[in-house]
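Raw contents of structure_14.cif, mmCIF, C-alpha atoms:
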```cif
data_coords
loop_
_atom_site.label_atom_id
_atom_site.label_comp_id
_atom_site.auth_asym_id
_atom_site.auth_seq_id
_atom_site.Cartn_x
_atom_site.Cartn_y
_atom_site.Cartn_z
CA MET Y 199 19.03 5.90 -1.92
CA PRO Y 200 15.31 6.31 -2.65
CA PHE Y 201 13.00 6.76 0.32
CA TRP Y 202 11.12 3.54 -0.42
CA SER Y 203 14.21 1.36 -0.16
CA LYS Y 204 14.62 2.35 3.50
CA ASN Y 205 11.05 1.24 4.20
CA GLN Y 206 10.99 -1.86 2.02
CA THR Y 207 9.79 -4.16 4.81
CA ALA Y 208 6.86 -1.85 5.61
CA PHE Y 209 5.97 -1.58 1.92
CA VAL Y 210 6.03 -5.33 1.43
CA GLU Y 211 3.75 -5.70 4.45
CA MET Y 212 1.31 -3.12 3.04
CA ASP Y 213 1.38 -4.85 -0.34
CA ARG Y 214 0.67 -8.21 1.32
CA LEU Y 215 -2.45 -6.79 2.97
CA ILE Y 216 -3.69 -5.25 -0.28
CA GLN Y 217 -3.05 -8.50 -2.18
CA GLN Y 218 -4.85 -10.58 0.47
CA GLN Y 219 -7.73 -8.13 0.96
CA PRO Y 220 -8.42 -6.35 -2.35
CA GLY Y 221 -10.46 -3.20 -1.79
CA ILE Y 222 -9.00 -2.57 1.68
CA ARG Y 223 -9.00 1.07 2.73
CA PRO Y 224 -5.95 2.92 4.06
CA ALA Y 225 -7.58 3.23 7.51
CA GLU Y 226 -7.96 -0.56 7.68
CA ILE Y 227 -4.35 -1.07 6.60
CA ALA Y 228 -3.21 1.35 9.31
CA GLN Y 229 -5.25 -0.46 11.95
CA GLN Y 230 -3.88 -3.88 10.98
CA LEU Y 231 -0.28 -2.62 10.89
CA GLY Y 232 -0.60 -0.54 14.05
CA VAL Y 233 0.42 2.74 12.40
CA ALA Y 234 -1.33 6.07 11.86
CA ARG Y 235 -3.60 6.41 8.83
CA SER Y 236 -1.49 9.36 7.71
CA THR Y 237 1.54 7.05 7.60
CA VAL Y 238 -0.23 4.74 5.15
CA THR Y 239 -1.43 7.67 3.04
CA ARG Y 240 2.07 9.16 3.00
CA ARG Y 241 3.60 5.85 1.90
CA LEU Y 242 1.29 5.26 -1.08
CA PRO Y 243 3.21 7.50 -3.56
CA SER Y 244 6.47 5.85 -2.51
CA LEU Y 245 4.92 2.42 -3.06
CA GLU Y 246 4.17 3.43 -6.64
CA GLU Y 247 7.76 4.63 -7.06
CA ALA Y 248 8.90 1.23 -5.79
CA GLY Y 249 6.78 -0.55 -8.42
CA PHE Y 250 3.75 -1.51 -6.33
CA LEU Y 251 0.76 -0.39 -8.40
CA TYR Y 252 -2.82 -0.05 -7.16
CA SER Y 253 -6.06 1.51 -8.29
CA GLU Y 254 -8.44 3.27 -5.94
CA ASP Y 255 -12.19 2.78 -6.09
CA LYS Y 256 -14.86 5.40 -5.33
CA ARG Y 257 -14.95 4.51 -1.63
CA GLY Y 258 -11.16 4.70 -1.23
CA GLY Y 259 -10.43 0.97 -1.43
CA LEU Y 260 -7.11 -0.11 -2.91
CA TRP Y 261 -6.98 -2.79 -5.59
CA PRO Y 262 -3.77 -4.38 -6.91
CA PHE Y 263 -3.01 -4.27 -10.61
CA GLU Y 264 -2.25 -7.65 -12.12
CA ARG Y 265 1.47 -8.04 -12.65
CA GLU Y 266 2.60 -8.97 -16.14
CA LYS Y 267 4.40 -12.29 -16.42
#
```
Spell out the structure here as structure tokens.
Amino acid sequence: MPFWSKNQTAFVEMDRLIQQQPGIRPAEIAQQLGVARSTVTRRLPSLEEAGFLYSEDKRGGLWPFEREK
């Protein structure tokens, strides 16, 4: 079982924040979820593996890619 499937609820919650607040930084995500910033940073590669795709701007903000329909 892939790592991300064990944490699916946490990943969906992170994705929700990024979708609602495009450009949000990992530190802000951590604060809103009540987890360490390192936890958010550690989860980002697993989010990509799970199919959640984001781009990062020059200041570290995360932006969702548009999903194809």
Taking the file as shown, find all residues satisfying the PyMOL selection byres ((chain Y and resi 251-265) around 6) and write them as an mmCIF file with C-alpha atoms, in the frame of the given file.
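File produced: out_34.cif:
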```
data_model
loop_
_atom_site.group_PDB
_atom_site.id
_atom_site.type_symbol
_atom_site.label_atom_id
_atom_site.label_comp_id
_atom_site.auth_asym_id
_atom_site.auth_seq_id
_atom_site.Cartn_x
_atom_site.Cartn_y
_atom_site.Cartn_z
ATOM 1 C CA PRO Y 220 -8.420 -6.350 -2.350
ATOM 2 C CA GLY Y 221 -10.460 -3.200 -1.790
ATOM 3 C CA ILE Y 222 -9.000 -2.570 1.680
ATOM 4 C CA ARG Y 223 -9.000 1.070 2.730
ATOM 5 C CA GLU Y 246 4.170 3.430 -6.640
ATOM 6 C CA PHE Y 250 3.750 -1.510 -6.330
ATOM 7 C CA GLU Y 266 2.600 -8.970 -16.140
#
```
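Closest to Val238 (chain Y) among Y:Glu226, Y:Arg214, Y:Gln219, Y:Gln206 is Y:Glu226, based on all atoms listed in the file.
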Would you mind listing what lies within 7 Å of region 234-237 of chain Y as a VMD selection string, with all atoms listed in the file counted and same-chain residues fewer than 3 positions away left out? chain Y and resid 224 to 225 228 240 to 241
As an exercise, work out the distance from CA of Gln218 (chain Y) to CA of Gly249 (chain Y) in Å and give it to one decimal place. 17.7 Å
Selected residue, from Y:Gln217, Y:Leu242, Y:Asn205, Y:Met212, that lies nearest to Gln230 (chain Y) when counting all atoms listed in the file: Y:Met212
